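Undergrad: For reference, the file coords-v4.cif (mmCIF, C-alpha atoms (C1' of nucleotides)) is included below:
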data_model
#
loop_
_atom_site.label_atom_id
_atom_site.label_comp_id
_atom_site.auth_asym_id
_atom_site.auth_seq_id
_atom_site.Cartn_x
_atom_site.Cartn_y
_atom_site.Cartn_z
CA MET A 1 60.46 122.86 109.64
CA LYS A 2 62.07 122.59 113.07
CA LYS A 3 65.52 124.06 113.39
CA VAL A 4 68.58 122.28 114.73
CA ILE A 5 71.84 124.09 115.38
CA VAL A 6 75.11 122.39 114.47
CA ILE A 7 78.43 123.57 115.85
CA LEU A 8 81.48 122.04 114.28
CA GLY A 9 85.17 122.71 113.85
CA GLN A 10 88.60 121.32 114.50
CA THR A 11 89.73 119.83 117.76
CA ALA A 12 90.49 122.19 120.66
CA ILE A 13 88.90 125.16 118.99
CA GLY A 14 86.24 125.83 121.61
CA LYS A 15 83.08 124.21 120.27
CA SER A 16 81.80 122.95 123.61
CA TYR A 17 82.15 126.32 125.24
CA LEU A 18 80.22 127.99 122.45
CA ALA A 19 77.53 125.33 122.51
CA VAL A 20 76.84 125.92 126.19
CA LYS A 21 76.77 129.65 125.71
CA ILE A 22 74.29 129.36 122.89
CA ALA A 23 72.17 126.83 124.76
CA LYS A 24 71.80 129.33 127.58
CA LYS A 25 71.02 132.37 125.50
CA ILE A 26 69.04 131.21 122.56
CA ASN A 27 65.32 130.54 122.53
CA PRO A 28 64.46 132.01 125.97
CA PRO A 29 63.35 130.95 128.40
CA ALA A 30 63.57 127.25 127.43
CA GLY A 31 67.04 127.40 125.85
CA GLY A 32 68.77 124.48 124.25
CA GLU A 33 70.36 121.12 124.92
CA VAL A 34 73.57 119.78 123.51
CA ILE A 35 74.00 116.57 121.54
CA SER A 36 77.61 115.57 121.08
CA ALA A 37 78.81 114.57 117.62
CA ASP A 38 82.03 112.90 118.54
CA SER A 39 82.87 109.33 117.64
CA ARG A 40 85.15 108.92 120.66
CA GLN A 41 83.31 110.76 123.37
CA VAL A 42 80.49 108.24 123.12
CA TYR A 43 82.67 105.89 125.14
CA LYS A 44 82.29 105.73 128.87
CA GLY A 45 85.35 106.23 131.03
CA ILE A 46 87.55 107.97 128.48
CA ASP A 47 86.96 111.52 129.59
CA ILE A 48 90.26 113.32 129.70
CA GLY A 49 91.53 111.16 126.88
CA THR A 50 88.88 112.44 124.52
CA GLY A 51 88.71 115.95 125.86
CA LYS A 52 85.18 115.56 127.08
CA ILE A 53 83.39 118.53 128.56
CA THR A 54 83.28 118.47 132.37
CA ARG A 55 80.19 118.73 134.58
CA ALA A 56 81.22 122.21 135.65
CA GLU A 57 81.72 123.36 132.08
CA MET A 58 78.24 122.21 131.15
CA LYS A 59 76.82 124.86 133.50
CA GLY A 60 73.63 122.95 133.91
CA ILE A 61 72.94 122.47 130.23
CA PRO A 62 72.00 118.86 129.48
CA HIS A 63 74.48 117.04 127.25
CA HIS A 64 73.58 113.93 125.31
CA LEU A 65 75.40 111.08 123.62
CA LEU A 66 78.39 111.20 125.87
CA ASP A 67 79.17 107.93 127.68
CA VAL A 68 76.62 105.87 125.79
CA ALA A 69 78.94 103.03 124.78
CA ASN A 70 81.36 100.62 126.39
CA PRO A 71 84.87 101.21 125.05
CA LYS A 72 85.31 97.48 124.72
CA ASN A 73 82.69 97.42 122.01
CA GLN A 74 82.54 99.17 118.74
CA PHE A 75 80.21 102.04 118.16
CA THR A 76 78.90 102.77 114.69
CA VAL A 77 77.55 105.69 112.69
CA ALA A 78 74.24 103.95 112.21
CA ARG A 79 73.84 103.74 115.95
CA TYR A 80 74.85 107.35 116.34
CA LYS A 81 72.31 108.47 113.82
CA LYS A 82 69.56 106.53 115.47
CA LEU A 83 70.34 107.80 118.96
CA ALA A 84 70.84 111.38 117.84
CA GLU A 85 67.56 111.46 115.97
CA LYS A 86 65.78 110.23 119.05
CA LYS A 87 67.42 112.91 121.17
CA ILE A 88 66.54 115.63 118.69
CA LYS A 89 62.93 114.61 118.82
CA GLU A 90 62.87 114.57 122.62
CA ILE A 91 64.53 117.95 122.96
CA ILE A 92 62.15 119.55 120.53
CA ALA A 93 59.26 117.99 122.41
CA ARG A 94 60.52 119.82 125.49
CA GLY A 95 60.29 123.05 123.60
CA LYS A 96 64.05 123.43 123.43
CA ILE A 97 66.48 123.72 120.58
CA PRO A 98 68.85 120.84 119.89
CA ILE A 99 72.48 121.86 119.44
CA ILE A 100 74.66 119.28 117.74
CA CYS A 101 78.24 119.90 118.77
CA GLY A 102 81.28 117.96 117.70
CA GLY A 103 84.19 117.37 115.39
CA THR A 104 83.30 114.11 113.71
CA GLY A 105 82.27 115.31 110.28
CA PHE A 106 81.23 111.87 109.25
CA TYR A 107 78.67 111.64 112.04
CA ILE A 108 77.37 115.11 111.40
CA ASP A 109 76.86 114.31 107.74
CA ALA A 110 75.17 111.02 108.50
CA LEU A 111 72.76 112.80 110.78
CA THR A 112 72.21 115.76 108.54
CA ARG A 113 71.48 113.80 105.43
CA GLY A 114 68.37 111.84 104.77
CA THR A 115 69.97 108.48 104.17
CA VAL A 116 68.46 105.63 106.12
CA LEU A 117 70.97 103.28 107.68
CA PRO A 118 69.77 99.93 109.01
CA GLU A 119 71.86 99.05 112.02
CA VAL A 120 74.37 96.31 111.39
CA LEU A 121 76.48 95.26 114.33
CA PRO A 122 80.17 94.52 113.88
CA ASN A 123 80.96 90.86 113.38
CA ARG A 124 84.37 90.22 114.90
CA LYS A 125 84.73 86.73 113.59
CA LEU A 126 83.94 87.70 110.03
CA ARG A 127 86.25 90.68 110.22
CA LYS A 128 89.11 88.60 111.46
CA LYS A 129 88.63 86.16 108.63
CA LEU A 130 88.35 88.86 106.00
CA MET A 131 91.38 90.70 107.30
CA THR A 132 93.63 87.91 106.11
CA LYS A 133 92.49 88.36 102.53
CA SER A 134 93.93 90.80 100.04
CA ALA A 135 92.13 93.95 99.06
CA ILE A 136 91.60 92.62 95.55
CA ALA A 137 90.00 89.44 96.83
CA LEU A 138 87.73 91.45 99.11
CA PHE A 139 86.78 93.70 96.26
CA VAL A 140 85.77 90.73 94.13
CA THR A 141 83.66 89.38 96.98
CA LEU A 142 81.96 92.70 97.50
CA LYS A 143 81.23 93.07 93.84
CA LYS A 144 79.17 89.91 93.98
CA LEU A 145 77.36 90.85 97.16
CA ASP A 146 76.75 94.52 96.57
CA PRO A 147 77.72 95.81 93.13
CA ARG A 148 76.45 99.28 93.85
CA ARG A 149 78.76 99.74 96.82
CA ALA A 150 81.64 98.12 94.94
CA ASN A 151 81.17 100.73 92.31
CA ASN A 152 82.08 103.66 94.46
CA ILE A 153 84.22 102.13 97.17
CA ASP A 154 87.98 102.61 97.34
CA PRO A 155 89.20 99.17 96.18
CA LYS A 156 92.41 99.46 98.18
CA ASN A 157 90.80 100.30 101.49
CA LYS A 158 90.44 97.00 103.30
CA ILE A 159 88.66 98.44 106.31
CA ARG A 160 85.90 99.84 104.11
CA LEU A 161 85.69 96.71 102.00
CA ILE A 162 85.32 94.57 105.09
CA ARG A 163 82.57 96.69 106.54
CA ALA A 164 80.73 96.72 103.22
CA ILE A 165 80.87 92.95 103.01
CA GLU A 166 79.80 92.65 106.62
CA ILE A 167 76.75 94.77 105.94
CA ALA A 168 75.80 93.03 102.73
CA LYS A 169 76.03 89.65 104.46
CA ALA A 170 74.11 90.74 107.53
CA LEU A 171 71.25 92.13 105.51
CA GLY A 172 71.14 89.00 103.46
CA LYS A 173 70.40 90.87 100.28
CA VAL A 174 71.81 93.70 98.27
CA PRO A 175 71.49 96.73 100.53
CA LYS A 176 69.35 99.49 99.15
CA ILE A 177 69.75 103.14 99.90
CA THR A 178 66.62 104.84 100.99
CA GLU A 179 66.51 108.57 101.12
CA ILE A 180 63.88 110.35 103.08
CA LYS A 181 63.19 114.00 102.78
CA PRO A 182 64.72 116.15 105.49
CA VAL A 183 62.73 116.55 108.66
CA TYR A 184 64.79 119.31 110.24
CA LYS A 185 66.57 122.39 109.08
CA PHE A 186 70.19 122.22 110.20
CA ILE A 187 71.98 125.49 110.76
CA LYS A 188 75.68 124.78 110.56
CA ILE A 189 78.12 127.00 112.38
CA GLY A 190 81.80 126.33 111.81
CA LEU A 191 84.55 127.61 114.08
CA ARG A 192 87.86 128.40 112.50
CA VAL A 193 91.11 130.12 113.49
CA PRO A 194 94.45 130.62 111.72
CA GLU A 195 96.77 127.66 111.68
CA ASP A 196 99.36 128.80 114.22
CA SER A 197 96.65 129.91 116.56
CA LEU A 198 95.05 126.47 116.44
CA LYS A 199 98.42 124.87 117.06
CA ARG A 200 98.77 126.92 120.21
CA LYS A 201 95.30 125.94 121.35
CA ILE A 202 96.05 122.27 120.78
CA ARG A 203 99.28 122.50 122.74
CA SER A 204 97.77 124.24 125.70
CA ARG A 205 94.81 121.90 125.82
CA LEU A 206 97.14 118.92 125.70
CA ARG A 207 99.14 120.25 128.62
CA LYS A 208 95.94 120.65 130.55
CA ARG A 209 94.82 117.12 129.77
CA ILE A 210 98.13 115.61 130.77
CA ARG A 211 98.05 117.51 134.05
CA GLY A 212 94.44 116.48 134.45
CA GLY A 213 95.38 112.83 134.67
CA MET A 214 95.23 111.16 131.29
CA ALA A 215 97.63 108.54 132.53
CA ALA A 216 95.59 107.64 135.60
CA GLU A 217 92.52 107.30 133.44
CA LEU A 218 94.42 104.92 131.23
CA TYR A 219 95.17 102.70 134.22
CA ASP A 220 91.52 102.60 135.20
CA LEU A 221 90.48 101.56 131.74
CA LYS A 222 93.04 98.80 131.62
CA HIS A 223 91.72 97.63 134.95
CA GLN A 224 88.26 97.45 133.54
CA GLY A 225 89.60 95.18 130.87
CA VAL A 226 89.78 97.44 127.87
CA PRO A 227 92.35 95.69 125.74
CA TRP A 228 95.40 97.54 124.63
CA LYS A 229 94.56 96.84 121.01
CA ARG A 230 91.42 98.91 121.34
CA PHE A 231 93.38 102.05 122.06
CA ILE A 232 95.46 101.57 118.98
CA GLU A 233 92.39 100.70 116.97
CA LEU A 234 90.76 103.92 118.02
CA GLY A 235 93.89 105.93 117.37
CA PHE A 236 93.82 107.35 120.83
CA ASP A 237 96.35 109.63 122.39
CA GLN A 238 96.69 107.07 125.14
CA LYS A 239 99.06 105.07 123.05
CA TYR A 240 101.76 107.69 123.52
CA ILE A 241 101.04 108.01 127.20
CA ALA A 242 101.51 104.29 127.59
CA LEU A 243 104.81 104.36 125.71
CA TYR A 244 105.96 107.10 128.04
CA LEU A 245 104.90 105.17 131.11
CA ARG A 246 106.89 102.22 129.88
CA GLY A 247 109.92 104.41 129.44
CA LYS A 248 109.96 104.13 125.68
CA LEU A 249 109.46 107.84 125.20
CA SER A 250 110.79 110.82 127.10
CA GLN A 251 108.26 113.27 128.39
CA LYS A 252 109.14 115.67 125.63
CA GLU A 253 108.84 113.00 122.95
CA MET A 254 105.50 111.97 124.33
CA PHE A 255 104.24 115.51 124.16
CA GLU A 256 105.47 116.03 120.62
CA ASN A 257 103.86 112.80 119.52
CA LEU A 258 100.61 113.76 121.12
CA PHE A 259 100.72 117.13 119.48
CA LYS A 260 101.48 115.59 116.12
CA ASN A 261 98.59 113.17 116.49
CA ASN A 262 96.18 115.96 117.31
CA TRP A 263 97.42 118.23 114.58
CA GLN A 264 97.13 115.55 111.93
CA TYR A 265 93.62 114.93 113.12
CA ALA A 266 92.76 118.60 112.99
CA LYS A 267 93.90 118.80 109.39
CA ARG A 268 91.87 115.79 108.38
CA GLN A 269 88.85 117.34 110.02
CA MET A 270 89.28 120.44 107.92
CA THR A 271 89.60 118.41 104.74
CA TRP A 272 86.20 117.03 105.55
CA PHE A 273 84.49 120.27 106.56
CA LYS A 274 85.81 122.24 103.62
CA ARG A 275 83.55 120.43 101.23
CA ASP A 276 80.35 121.42 102.94
CA PRO A 277 79.08 124.71 101.50
CA GLU A 278 76.29 124.93 104.07
CA ILE A 279 78.71 125.72 106.88
CA LYS A 280 78.84 129.34 107.92
CA TRP A 281 82.30 130.06 109.33
CA PHE A 282 83.18 132.24 112.30
CA THR A 283 86.08 132.69 114.68
CA PRO A 284 85.38 131.65 118.28
CA ASP A 285 85.50 135.26 119.49
CA GLN A 286 82.74 136.40 117.15
CA TYR A 287 80.04 135.42 119.57
CA LYS A 288 77.87 138.44 118.89
CA LYS A 289 77.95 137.79 115.17
CA ILE A 290 77.10 134.15 115.69
CA GLU A 291 74.17 135.04 117.88
CA LYS A 292 72.92 137.52 115.33
CA TYR A 293 73.26 134.99 112.56
CA LEU A 294 71.36 132.38 114.55
CA LYS A 295 68.56 134.75 115.42
CA LYS A 296 68.12 135.51 111.76
CA LYS A 297 68.01 131.83 110.89
CA LEU A 298 65.81 130.55 113.68
"C1'" G B 1 148.82 107.91 115.69
"C1'" C B 2 147.33 102.81 114.10
"C1'" G B 3 143.19 99.39 113.17
"C1'" C B 4 138.13 98.37 112.21
"C1'" C B 5 133.19 100.05 110.94
"C1'" G B 6 130.14 103.57 108.81
"C1'" G B 7 128.70 108.40 105.96
"C1'" U B 8 122.29 107.46 100.59
"C1'" C B 9 115.83 112.92 100.25
"C1'" G B 10 114.12 116.40 107.19
"C1'" G B 11 115.01 111.46 110.34
"C1'" A B 12 115.66 106.13 109.86
"C1'" U B 13 116.71 102.48 106.16
"C1'" A B 14 117.47 99.08 101.30
"C1'" G B 15 120.54 98.92 97.34
"C1'" U B 16 124.84 90.95 92.75
"C1'" G B 17 128.73 97.63 88.52
"C1'" G B 18 123.97 98.21 84.17
"C1'" C B 19 116.73 100.11 83.10
"C1'" U B 20 113.02 104.83 86.68
"C1'" A B 21 117.87 104.66 94.01
"C1'" U B 22 113.90 101.21 97.97
"C1'" U B 23 110.86 101.14 102.14
"C1'" C B 24 109.14 103.35 106.87
"C1'" C B 25 108.34 107.86 109.71
"C1'" A B 26 107.69 112.97 109.54
"C1'" G B 27 105.77 116.93 105.99
"C1'" U B 28 102.03 118.62 102.23
"C1'" G B 29 97.56 117.84 99.57
"C1'" C B 30 93.34 114.91 98.84
"C1'" G B 31 89.50 111.07 99.32
"C1'" C B 32 85.87 108.77 102.06
"C1'" U B 33 77.42 108.56 102.71
"C1'" G B 34 77.99 101.94 107.25
"C1'" U B 35 84.69 100.86 112.03
"C1'" A B 36 85.86 107.87 110.66
"C1'" A B 37 90.81 110.56 116.33
"C1'" A B 38 89.92 104.72 112.26
"C1'" C B 39 91.09 103.84 107.08
"C1'" G B 40 92.86 104.82 101.96
"C1'" C B 41 95.40 107.60 97.86
"C1'" A B 42 98.92 111.12 95.68
"C1'" C B 43 103.12 114.16 96.09
"C1'" C B 44 107.43 114.60 98.97
"C1'" G B 45 116.01 117.22 95.41
"C1'" C B 46 115.40 121.43 91.62
"C1'" C B 47 112.81 123.27 87.13
"C1'" U B 48 108.40 122.29 84.22
"C1'" U B 49 104.27 124.60 78.83
"C1'" C B 50 102.85 118.35 83.34
"C1'" G B 51 104.92 115.36 77.89
"C1'" G B 52 109.15 115.83 80.49
"C1'" G B 53 113.90 118.20 81.62
"C1'" C B 54 118.28 118.56 85.07
"C1'" A B 55 120.67 116.93 89.36
"C1'" U B 56 122.06 113.54 93.28
"C1'" C B 57 124.30 108.75 97.26
"C1'" G B 58 130.60 112.89 102.54
"C1'" U B 59 134.69 115.32 99.08
"C1'" U B 60 138.18 114.93 95.13
"C1'" G B 61 140.36 111.99 91.71
"C1'" G B 62 140.75 107.15 89.29
"C1'" U B 63 139.34 102.14 87.03
"C1'" U B 64 135.24 100.99 83.52
"C1'" C B 65 131.41 101.30 77.56
"C1'" G B 66 128.81 102.17 82.38
"C1'" A B 67 130.04 103.59 89.59
"C1'" G B 68 125.70 104.73 95.23
"C1'" U B 69 128.17 100.00 94.45
"C1'" C B 70 135.33 98.81 92.74
"C1'" C B 71 140.30 101.57 93.88
"C1'" A B 72 143.11 105.83 96.14
"C1'" A B 73 143.53 110.07 99.02
"C1'" C B 74 141.19 113.35 102.03
"C1'" C B 75 137.04 115.08 105.42
"C1'" C B 76 133.42 113.70 109.20
"C1'" G B 77 131.26 110.22 112.98
"C1'" G B 78 131.49 105.70 116.04
"C1'" C B 79 134.18 101.72 118.24
"C1'" G B 80 138.84 99.38 119.53
"C1'" C B 81 144.19 99.65 120.41
"C1'" A B 82 147.83 102.75 121.84
#
As structure tokens, how would this structure be written, given the file I've shared?

TA:
Amino acid sequence: MKKVIVILGQTAIGKSYLAVKIAKKINPPAGGEVISADSRQVYKGIDIGTGKITRAEMKGIPHHLLDVANPKNQFTVARYKKLAEKKIKEIIARGKIPIICGGTGFYIDALTRGTVLPEVLPNRKLRKKLMTKSAIALFVTLKKLDPRRANNIDPKNKIRLIRAIEIAKALGKVPKITEIKPVYKFIKIGLRVPEDSLKRKIRSRLRKRIRGGMAAELYDLKHQGVPWKRFIELGFDQKYIALYLRGKLSQKEMFENLFKNNWQYAKRQMTWFKRDPEIKWFTPDQYKKIEKYLKKKL
RNA sequence: GCGCCGGUCGGAUAGUGGCUAUUCCAGUGCGCUGUAAACGCACCGCCUUCGGGCAUCGUUGGUUCGAGUCCAACCCGGCGCA
């Protein structure tokens, strides 16, 4: 079975850097290519705002699934899975090793597991209509459309209920889950550091991003007609930048809010990763160990 | 100094004298196989054998069967007048 490397970990920990390093060293002379696993970096134009790797940092290693979606539209896991699988295939065909790198555990799991997901595009009109209903009402509706999903969904989570209904309606029948046996062997490398160390990393990266022009980027996006609501919807850091620009927050308050936002995210990421026993954990400075581990596994 | 207003969990807030002091934010933990940086849930004074137990609404007294709520004095903060 073909091997695929996965590099995951909390925000700001240094995944991208490691991915490039591995891509250069592993599997000589062909090396590897990186496929991002980040639900926000898929959007074009939000570079600093999502902490995207820069051209220079890529050091010539091809990176995929960055900038593949318009921020005005909604991207979905199903789409991610489809695109990523295609990229994996192509990279392997080139004799290289695919390196999945990112912090969106949900996407990594979707890709790593054998579940087949038919693509169902978001239906704004339906969503808007459903949003006005109560969670209980939505749950009842879902139960009729897709009892299996209703069985294990969180009945209080309207967002999930709405998406489930949307899918059931779009498919026109009760959605079935199809599992296919795994095609690739995923080697999962997790990066982890002590809490206070991660906090420092997050702070310093934030400072860098602010200096790098997060605010200017925000202006550009607004110019291109990305509605304000989208930023909120996506939970982006930009929302605090905008409040600062409007004078609603002091610079210090803005920074603290940004930090808080990132830290909360980092914790949620860990909650997700913790459950996966396949992840082999390292600290970012254990490069030699990681390389050794990979060589053994490949 | 006088007058007015206010002091409730880390912050903000609700609370006709009567069950269990509310909600939001922050904090902590967790969940999530179709929006996932989104979204949801639990806990969030102290102790706990997880059944519950003990506190608590600036302080001290008082009225009352019963006070966060009424009264008095004091302390603190804000505003106004001197």

Undergrad: Using the chain letters and numbering of this document, enumerate as a short mmCIF file (atom, residue, chain, number, x, y, z; two decimals) with C-alpha atoms (C1' of nucleotides), keeping the file's coordinate frame the residues selected by the PyMOL selection byres ((chain B and resi 28-40) around 6).

TA:
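What follows is the written file expr-v7.cif:
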data_model
loop_
_atom_site.label_atom_id
_atom_site.label_comp_id
_atom_site.auth_asym_id
_atom_site.auth_seq_id
_atom_site.Cartn_x
_atom_site.Cartn_y
_atom_site.Cartn_z
CA ASN A 157 90.80 100.30 101.49
CA ILE A 159 88.66 98.44 106.31
CA LEU A 234 90.76 103.92 118.02
CA GLY A 235 93.89 105.93 117.37
"C1'" G B 27 105.77 116.93 105.99
"C1'" C B 41 95.40 107.60 97.86
#

Undergrad: Near A:Gln10, within 7 Å and counting only C-alpha atoms (C1' of nucleotides), which residues show up once chain neighbours fewer than 3 positions away are dropped, as a list of chain:residue names?

TA: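 Residues meeting the cut-off are A:Ile13, A:Gly103, A:Ala266, A:Gln269, A:Met270.
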
Undergrad: For the file shown, what are the residues hit by the PyMOL selection byres ((chain B and resi 17) around 9), laid out as a list in words?

TA: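 Answer for the PyMOL selection byres ((chain B and resi 17) around 9): U16, G18, U64, G66, A67, U69 and C70 of chain B.
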
Undergrad: Go through A:Glu57, A:Asp146, A:Glu119, A:Asp196 and flag the residue nearest chain B, using all atoms listed in the file for the distances.

TA: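 Ranked by minimum distance to chain B, first place goes to A:Glu119.
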
Undergrad: Carefully work through the PyMOL selection byres ((chain A and resi 74) around 12) for this structure and note down the residues it includes, as an NGL selection string.

TA: (:A and (39-40 or 42-43 or 68-73 or 75-80 or 120-124 or 226 or 230-231 or 233-234)) or (:B and (35 or 38))

Undergrad: Could you pull the residues within 12 Å of B:A26, counting all atoms listed in the file, minus those fewer than 3 positions along the same chain, as a CSV table (one decimal) with C-alpha atoms (C1' of nucleotides), in the coordinates of the input?

TA:
chain,number,residue,atom,x,y,z
A,256,GLU,CA,105.5,116.0,120.6
A,257,ASN,CA,103.9,112.8,119.5
A,260,LYS,CA,101.5,115.6,116.1
A,261,ASN,CA,98.6,113.2,116.5
A,264,GLN,CA,97.1,115.6,111.9
B,10,G,C1',114.1,116.4,107.2
B,11,G,C1',115.0,111.5,110.3
B,12,A,C1',115.7,106.1,109.9
B,44,C,C1',107.4,114.6,99.0

Undergrad: Find the residue from A:Leu161, A:Leu243, A:Ile61, A:Ala150 that sits nearest to chain B; use only C-alpha atoms (C1' of nucleotides) when measuring.

TA: A:Leu161
